[in-house]
Structures are given as structure tokens and as C-alpha cells.
Amino acid sequence: MNSVALRAAGLRPGADALPPIVAGDFEVRLARNEAEVEAAQALRYRVFYEEMTARPTPEMAAMRRDYDDFDALCDHLLFIDRRRPGLSGITGTYRLIRRPAAAAHGSFYSVTEYDVQRLVEWPGEILELGRSCVDASARSMPAMQLMWRGIATYVFHYDIEIMFGCASLPGTDLARLAMPLSYLAQHHLAPPELRARALAERYVDMNILPPGSYDIRQAERLVPPLIKGYLRLGGFVGDGAVIDTQFDTTDVNIVVKTDLITEKYYRHYERAARETGAI
């Protein structure tokens, strides 16, 4: 369906790119209209600002929605509990930004933290992932598992070769995060052609502890489940971390080449999904 037909049907352009994935009472698909996008923004607000420790702008607090200029341009993956009425069934979301959306905005979201020019120059299609969360009431459900299946289908549909984005470690205490950050930098640094670098004014050296001075297994256990999921796919981290004071997190740049996406991809993400509730 072309953009004109989609608008005539009241659907967002591209909303039909991902066939709905249904598993019992649950469904994953792209947002079809602005009301669904606003429901995803409201969910993000509840998780990031009310449950977690992010700091909303006065405008966000008034509207009780997490939003920015990318939301009107990108695709929003939704996890829907069909037992709940209407928009209340939207209990999981993930934001997907392809080249056209980034071009319309003028950049990818990650440029506020990282120099991603090497990724942008990749000749194939690329996809930025972010703003993922699941409502507390849905974390015992297969939300992340189904959303990862949706992402895999989306990747196949658009022939995406590179996925990237910022993933977070909770908190900004570098002493507490020294082990996982050092482990990531020393064991999972991206190759030069795929290596984003934290902006100079925000750069935090991840090599806090010398190699061999800490327990690698313990460091691995301290890596958040979602980042572990990326690493199991052969993912890498960029050069340097970034402190995000608004979200009270320490961010790393993640990149994954999707030539690794096979049935193994599904198995890895399903494993990650069992461990993960929200980014």
C-alpha cells in the first residue's frame, strides 16, 4: 500500500511493512495511527519517568508523554495485550529509525552522544534502535520475545545490514560500573569500520580497570541483559561511554551486523527476552 493509500485508510506510512505477529492473546505490529504512537509515548513516560529515575521536561510532565521530533518520522513497534480494551493493550514498545526517517530529521538520535559517521557511511540499509520498554504489568509475558521477532521480520523486510543504538547501564556512578564498562571495552570493542566514538565533550573512558585486575565472570554478570543479548549476536560496543543525566544512565553504543541474523538470531533474542523487561 503506498503512502497516499495509507493516509486515505488512516494509517501511518509504512505501517503495513510488518505483518502482525500473533501468539495467543498477544500481538506485535507497527503503530498504525497517531493515537497508538501517543499511547507508546505515554507508556515510555510511565516506565522512564515514573518507575525509573529519568527527569522529564515541564512539557513532558504536563502531557505525561515521552516524546521528541523523531516520533513523527520513525516506526513504532508495539506489543499489544489483546485482552485489554483499546489503547490500554499497548504494553510494550520499541522505536525503529531507518535512513529515510533520519534524513527527514537531519540526523540519527545517537548523534547527541556519539559520532556515528562510520555507520552512516555504510552503503547498505541501517537501523537505529531505541526507546524500548515494557509495562511492569506485562513483564511476565512474552513481550520482549515477540518484539525481537518483530524486529527480525522488519530487518528482513527492509534488507537492513547494520543495527545500532545507545544501550544503557543504570546509574552514573562510574566506580560501581567500572567492571562492566571495562569488560565491554576490553572484550567487545567494535572493529574500526563500525566503531562509533563518544563525542569529545561527553566522552567517558570505559577502560577504568586494567585488564586482568577484575573477575571477568562477575563483570559479565553485571552487564544488563539487553546488552548481553546484543553481544550474543556478535554485537560490539563503540569507543567511550556517555553519561545521560536526564535518564540517570551511562550509555554505550551498540552495533550489530545483521548477516548474523538466521534462526540463531531468533534463539539468541528469545533467550535475551526471558531475562529482560525494559531498557
# chains A, B, ... in the order shown; residues from 1 in each chain; ligands from 1

$ closest_atom_pairs --of "stretch 52-132 of chain A" --to "stretch 147-162 of chain A" --cutoff "9 Å" --atoms "only C-alpha atoms" --output "tab-separated table"
residue	atom	partner	partner_atom	distance
A:Leu77	CA	A:Met147	CA	7.2
A:Leu78	CA	A:Met147	CA	7.4
A:Phe79	CA	A:Met147	CA	6.6
A:Gly92	CA	A:Met147	CA	8.1
A:Thr93	CA	A:Met147	CA	7.8
A:Tyr94	CA	A:Met147	CA	7.6
A:Leu96	CA	A:Ile151	CA	8.6
A:Arg98	CA	A:Ile160	CA	8.8
A:Leu119	CA	A:Ile162	CA	7.8
A:Trp122	CA	A:Ile162	CA	8.2
A:Gly124	CA	A:Glu161	CA	6.0
A:Glu125	CA	A:Ile160	CA	4.7
A:Ile126	CA	A:Ile162	CA	4.7
A:Leu127	CA	A:Ile162	CA	6.3
A:Glu128	CA	A:Ile162	CA	8.5

$ write_last_selection --atoms "C-alpha atoms" --output "PDB file, in the first residue's frame"
ATOM      1  CA  LEU A  77       6.903  -1.376  17.247  1.00  0.00           C
ATOM      2  CA  LEU A  78       4.105  -2.271  19.653  1.00  0.00           C
ATOM      3  CA  PHE A  79       3.441  -5.211  21.949  1.00  0.00           C
ATOM      4  CA  GLY A  92       5.462  -2.697  25.126  1.00  0.00           C
ATOM      5  CA  THR A  93       7.207  -0.550  22.535  1.00  0.00           C
ATOM      6  CA  TYR A  94      10.439  -0.166  20.577  1.00  0.00           C
ATOM      7  CA  LEU A  96      12.874   1.968  14.860  1.00  0.00           C
ATOM      8  CA  ARG A  98      15.806   3.956   9.291  1.00  0.00           C
ATOM      9  CA  LEU A 119      27.866   3.754  10.452  1.00  0.00           C
ATOM     10  CA  TRP A 122      27.778   2.144   5.445  1.00  0.00           C
ATOM     11  CA  GLY A 124      23.610  -0.729   2.886  1.00  0.00           C
ATOM     12  CA  GLU A 125      20.454  -0.057   4.881  1.00  0.00           C
ATOM     13  CA  ILE A 126      20.945   0.714   8.572  1.00  0.00           C
ATOM     14  CA  LEU A 127      18.553   0.794  11.500  1.00  0.00           C
ATOM     15  CA  GLU A 128      18.780   2.656  14.805  1.00  0.00           C
TER      16      GLU A 128
END

$ residues_around --residues "A:Val223" --least-positions-apart "2" --cutoff "9 Å" --atoms "only C-alpha atoms" --output "list in words"
Leu169, Met179, Pro180, Leu181, Tyr183, Leu184, Ala219, Glu220, Arg221, Pro225, Leu226, Ile227 and Lys228 of chain A

$ select_by_dssp --residues "stretch 20-247 of chain A" --states "strand (DSSP E or B)" --output "MDAnalysis selection string"
chainID A and resid 21:23 26:30 75:81 90:98 114:115 125:134 160:170 189 197:198 204 236:237 239 241:244

$ closest_atom_pairs --of "stretch 8-112 of chain A" --to "stretch 197-201 of chain A" --cutoff "10 Å" --atoms "only C-alpha atoms" --output "tab-separated table"
residue	atom	partner	partner_atom	distance
A:Ser110	CA	A:Ala198	CA	9.7
A:Val111	CA	A:Leu199	CA	8.3
A:Thr112	CA	A:Leu199	CA	8.0

$ atom_distance --atom1 "atom CA of A:Val134" --atom2 "atom CA of A:Arg12"
22.5 Å

$ closest_atom_pairs --of "stretch 109-194 of chain A" --to "stretch 62-71 of chain A" --cutoff "12 Å" --atoms "only C-alpha atoms" --output "CSV"
residue,atom,partner,partner_atom,distance
A:Tyr109,CA,A:Phe70,CA,7.7
A:Ser110,CA,A:Phe70,CA,11.4
A:Glu128,CA,A:Phe70,CA,11.4
A:Leu129,CA,A:Phe70,CA,12.0
A:Gly130,CA,A:Phe70,CA,11.1
A:Arg131,CA,A:Asp66,CA,9.4
A:Ser132,CA,A:Asp66,CA,11.7
A:Cys133,CA,A:Asp66,CA,11.7

$ write_last_selection --atoms "C-alpha atoms" --output "tab-separated table (two decimals), in the first residue's frame"
chain	number	residue	atom	x	y	z
A	109	TYR	CA	19.15	10.16	17.50
A	110	SER	CA	22.55	8.78	18.54
A	128	GLU	CA	18.78	2.66	14.80
A	129	LEU	CA	17.02	1.02	17.75
A	130	GLY	CA	15.93	2.73	20.94
A	131	ARG	CA	13.27	3.88	23.41
A	132	SER	CA	12.36	0.32	24.31
A	133	CYS	CA	10.29	-0.51	27.36

$ residues_around --residues "A:Leu18" --least-positions-apart "2" --cutoff "7 Å" --atoms "only C-alpha atoms" --output "list in words"
Ala15, Asp16, Pro20, Arg29, Leu30, Thr153 and Tyr154 of chain A

$ write_last_selection --atoms "N, CA and C atoms" --output "compact mmCIF listing (two decimals), in the first residue's frame"
# COMPACT_ATOMS: atom_id res chain seq x y z
N ALA A 15 3.13 1.43 7.87
CA ALA A 15 2.52 0.63 8.93
C ALA A 15 2.27 -0.81 8.50
N ASP A 16 2.23 -1.05 7.19
CA ASP A 16 1.98 -2.40 6.70
C ASP A 16 3.28 -3.15 6.39
N PRO A 20 1.37 -8.45 11.27
CA PRO A 20 1.20 -8.70 12.70
C PRO A 20 1.70 -10.09 13.09
N ARG A 29 3.07 -5.55 16.24
CA ARG A 29 2.96 -4.91 14.93
C ARG A 29 3.43 -3.48 15.06
N LEU A 30 3.48 -2.78 13.93
CA LEU A 30 3.83 -1.36 13.95
C LEU A 30 2.61 -0.51 14.28
N THR A 153 11.79 -9.63 11.67
CA THR A 153 10.97 -9.56 10.46
C THR A 153 11.15 -8.22 9.76
N TYR A 154 11.22 -7.17 10.52
CA TYR A 154 11.43 -5.82 9.98
C TYR A 154 12.79 -5.73 9.28

$ residues_around --residues "A:Glu34" --least-positions-apart "4" --cutoff "12 Å" --atoms "only C-alpha atoms" --output "PDB file with N, CA and C atoms, in the first residue's frame"
ATOM      1  N   ARG A   7      -2.590   6.887   3.959  1.00  0.00           N
ATOM      2  CA  ARG A   7      -3.221   8.051   4.595  1.00  0.00           C
ATOM      3  C   ARG A   7      -4.730   8.021   4.411  1.00  0.00           C
ATOM      4  N   GLY A  10      -6.250   6.024   6.871  1.00  0.00           N
ATOM      5  CA  GLY A  10      -5.996   6.482   8.231  1.00  0.00           C
ATOM      6  C   GLY A  10      -4.807   5.818   8.881  1.00  0.00           C
ATOM      7  N   LEU A  11      -3.896   5.230   8.084  1.00  0.00           N
ATOM      8  CA  LEU A  11      -2.737   4.532   8.623  1.00  0.00           C
ATOM      9  C   LEU A  11      -1.468   5.341   8.417  1.00  0.00           C
ATOM     10  N   ARG A  12      -0.492   5.153   9.303  1.00  0.00           N
ATOM     11  CA  ARG A  12       0.808   5.792   9.136  1.00  0.00           C
ATOM     12  C   ARG A  12       1.527   5.149   7.956  1.00  0.00           C
ATOM     13  N   PRO A  13       2.254   5.934   7.148  1.00  0.00           N
ATOM     14  CA  PRO A  13       3.060   5.347   6.075  1.00  0.00           C
ATOM     15  C   PRO A  13       4.019   4.304   6.628  1.00  0.00           C
ATOM     16  N   ALA A  15       3.128   1.435   7.875  1.00  0.00           N
ATOM     17  CA  ALA A  15       2.521   0.629   8.930  1.00  0.00           C
ATOM     18  C   ALA A  15       2.273  -0.807   8.497  1.00  0.00           C
ATOM     19  N   LEU A  30       3.479  -2.777  13.929  1.00  0.00           N
ATOM     20  CA  LEU A  30       3.829  -1.360  13.951  1.00  0.00           C
ATOM     21  C   LEU A  30       2.610  -0.513  14.282  1.00  0.00           C
ATOM     22  N   GLU A  38       0.920   7.949  20.422  1.00  0.00           N
ATOM     23  CA  GLU A  38       0.779   8.667  21.695  1.00  0.00           C
ATOM     24  C   GLU A  38       0.649   7.696  22.864  1.00  0.00           C
ATOM     25  N   ALA A  39       0.007   6.554  22.636  1.00  0.00           N
ATOM     26  CA  ALA A  39      -0.084   5.540  23.693  1.00  0.00           C
ATOM     27  C   ALA A  39       1.300   4.971  24.000  1.00  0.00           C
ATOM     28  N   ALA A  40       2.134   4.788  22.962  1.00  0.00           N
ATOM     29  CA  ALA A  40       3.506   4.328  23.182  1.00  0.00           C
ATOM     30  C   ALA A  40       4.304   5.377  23.949  1.00  0.00           C
ATOM     31  N   GLN A  41       4.107   6.646  23.630  1.00  0.00           N
ATOM     32  CA  GLN A  41       4.793   7.726  24.345  1.00  0.00           C
ATOM     33  C   GLN A  41       4.369   7.760  25.816  1.00  0.00           C
ATOM     34  N   ASP A  71       9.670  10.962  16.742  1.00  0.00           N
ATOM     35  CA  ASP A  71       8.495  10.109  16.863  1.00  0.00           C
ATOM     36  C   ASP A  71       7.544  10.211  15.670  1.00  0.00           C
ATOM     37  N   ALA A  72       7.472  11.383  15.069  1.00  0.00           N
ATOM     38  CA  ALA A  72       6.564  11.556  13.927  1.00  0.00           C
ATOM     39  C   ALA A  72       7.121  10.927  12.655  1.00  0.00           C
ATOM     40  N   LEU A  73       8.428  10.607  12.652  1.00  0.00           N
ATOM     41  CA  LEU A  73       9.092  10.183  11.421  1.00  0.00           C
ATOM     42  C   LEU A  73       9.418   8.698  11.387  1.00  0.00           C
ATOM     43  N   CYS A  74       9.540   8.074  12.547  1.00  0.00           N
ATOM     44  CA  CYS A  74      10.034   6.700  12.604  1.00  0.00           C
ATOM     45  C   CYS A  74       8.892   5.707  12.749  1.00  0.00           C
ATOM     46  N   ASP A  75       9.246   4.429  12.818  1.00  0.00           N
ATOM     47  CA  ASP A  75       8.266   3.375  13.073  1.00  0.00           C
ATOM     48  C   ASP A  75       8.294   3.010  14.552  1.00  0.00           C
ATOM     49  N   HIS A  76       7.114   2.700  15.071  1.00  0.00           N
ATOM     50  CA  HIS A  76       6.977   2.332  16.480  1.00  0.00           C
ATOM     51  C   HIS A  76       6.462   0.899  16.556  1.00  0.00           C
ATOM     52  N   LEU A  87      -6.492   1.201  23.471  1.00  0.00           N
ATOM     53  CA  LEU A  87      -5.090   1.587  23.578  1.00  0.00           C
ATOM     54  C   LEU A  87      -4.428   1.092  24.854  1.00  0.00           C
TER      55      LEU A  87
END

$ closest_residue --among "A:Ser137, A:Ser213, A:Ser107, A:Gln246" --to "A:Tyr49" --atoms "only C-alpha atoms"
A:Gln246

$ select_by_dssp --residues "stretch 17-186 of chain A" --states "alpha helix (DSSP H)" --output "MDAnalysis selection string"
chainID A and resid 34:45 58:63 99:105 117:120 143:158 178:186

$ residues_around --residues "A:Ala23" --least-positions-apart "4" --cutoff "10 Å" --atoms "only C-alpha atoms" --output "JSON, numbers by chain"
{"A": [27, 28, 142, 146]}

$ write_last_selection --atoms "C-alpha atoms" --output "PDB file, in the first residue's frame"
ATOM      1  CA  GLU A  27       0.258  -9.297  19.115  1.00  0.00           C
ATOM      2  CA  VAL A  28       3.260  -7.375  17.804  1.00  0.00           C
ATOM      3  CA  PRO A 142       6.482 -12.746  26.158  1.00  0.00           C
ATOM      4  CA  LEU A 146       7.729 -11.129  20.429  1.00  0.00           C
TER       5      LEU A 146
END

$ atom_distance --atom1 "atom CA of A:Pro170" --atom2 "atom CA of A:Phe108"
22.8 Å

$ atom_distance --atom1 "atom CA of A:Lys257" --atom2 "atom CA of A:Pro192"
13.6 Å

$ closest_residue --among "A:Ala136, A:Leu231, A:Leu174, A:Ala42" --to "A:Ala190" --atoms "only C-alpha atoms"
A:Leu231

$ residues_around --residues "A:Ile208" --least-positions-apart "2" --cutoff "8 Å" --atoms "only C-alpha atoms" --output "NGL selection string"
:A and (178-179 or 181-182 or 205-206 or 210)
